[in-house]
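For reference, the structure discussed in these notes is given below.
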Amino acid sequence: MTSNNKGKDCLKEHYMKKIKRIAILSENKKYKQFLQYKIAMKHSFYGNVCLLIEYETTKPEYGIYFGCKCDTWLEASTCGNTLKENIWDAYKKAVYTNIQVEMEDVFLPHCEDTSEEKLFWLFWIRLEEHLNVVDALKRLSILVDIFKKNNFNQVSKDELANPE
């Protein structure tokens, strides 16, 4: 085993222990390498969104991350940027009260093609290493509240046209 594979295996073991603490975690039915906790929401204008905590077992270097996946039409729309900025402003006030943080410092870049899913990451945030999965759930809960204040309604995954 090469040292690179050894390091990846170590990372994978570390994050698997961390993510498995979410008892309500589910495996993505279509993409088995993803372990997820997902909350489905819907808006009359923006459409479907999934707020989720996710870990990709094949890319342990990504760590655990959480964020929002949206319908792909928002990716090319200025509406998507407006929504992201509104969510970020409220999230920043709720989470980063004592430090100056910019969106670019926290949001991971959109670097994964999820077009097959007909969804894209509006934003995703890597879980800081000193935080645990309970902290991730708390931060996801903050996002749910922020989305609700922006007129999104929580729905069952079955109600969405594309729940994956």
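Identifiers for the structure tokens are assigned positionally: chains receive A, B, ... in sequence, residues are indexed from 1 per chain, and ligands are indexed from 1 in the order shown.
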
Next on the checklist: Using DSSP assignments from the backbone, pull out every residue in region 6-148 of chain A that falls under helix (DSSP H, G or I) and give it to me as a PyMOL selection string.
Outcome noted: chain A and resi 6-19+60-62+72-76+78-95+103-106+115-117+133-148

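Within the 10 Å cut-off around region 128-131 of chain A, using only C-alpha atoms and omitting residues fewer than 3 positions from it on the same chain, the listed residues are Tyr15, Lys18, Gly63, Ile64, Tyr65, Val106, Ile125, Val134, Asp135 and Ala136 of chain A.
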
Next on the checklist: When DSSP is applied to the backbone of this structure, which of region 56-140 of chain A are assigned strand (DSSP E)? Write them out as a PyMOL selection string.
Outcome noted: chain A and resi 56+64-71+119-126

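Of the listed residues (A:Ile146, A:Met41, A:Leu52, A:Val133), A:Ile146 comes nearest to Lys84 (chain A); the distances count only C-alpha atoms.
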
Got a sec: who's within 12 Å of Lys148 (chain A), counting only C-alpha atoms, leaving out chain neighbours fewer than 6 positions off, as a compact mmCIF listing (two decimals) with C-alpha atoms, in the first residue's frame?
# COMPACT_ATOMS: atom_id res chain seq x y z
CA ALA A 40 -36.24 18.55 1.26
CA MET A 41 -37.74 22.00 0.80
CA LYS A 42 -39.77 23.72 -1.88
CA HIS A 43 -40.43 27.32 -2.95
CA VAL A 49 -33.93 22.41 -2.78
CA LEU A 51 -30.38 20.86 2.42
CA ILE A 87 -28.94 32.89 2.70
CA ALA A 90 -28.46 35.40 7.43
CA SER A 141 -30.96 23.43 11.37
CA ILE A 142 -29.90 27.08 11.13
CA GLN A 154 -40.22 21.66 4.27
CA VAL A 155 -41.65 18.71 2.32

Next on the checklist: One decimal, in Å: what's the spacing between CA of Cys79 (chain A) and CA of Tyr46 (chain A)?
Outcome noted: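 Computing it gives 8.2 Å between the two atoms.
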
Item to check | Among listed residues A:Tyr37, A:Leu143, A:Leu119, A:Asn5, nearest Pro60 (chain A) (using only C-alpha atoms) | outcome: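 The closest residue to Pro60 (chain A) is A:Asn5.
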
Next on the checklist: as JSON, numbers by chain, please: the residues near region 92-96 of chain A (cut-off 9 Å, only C-alpha atoms, same-chain neighbours under 6 positions excluded).
Outcome noted: {"A": [102, 103, 139, 142]}

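Between Glu85 (chain A) and the residues A:Lys138, A:Phe45, A:Leu122, A:Asn132, the shortest atom-to-atom distance, using only C-alpha atoms, involves A:Leu122.
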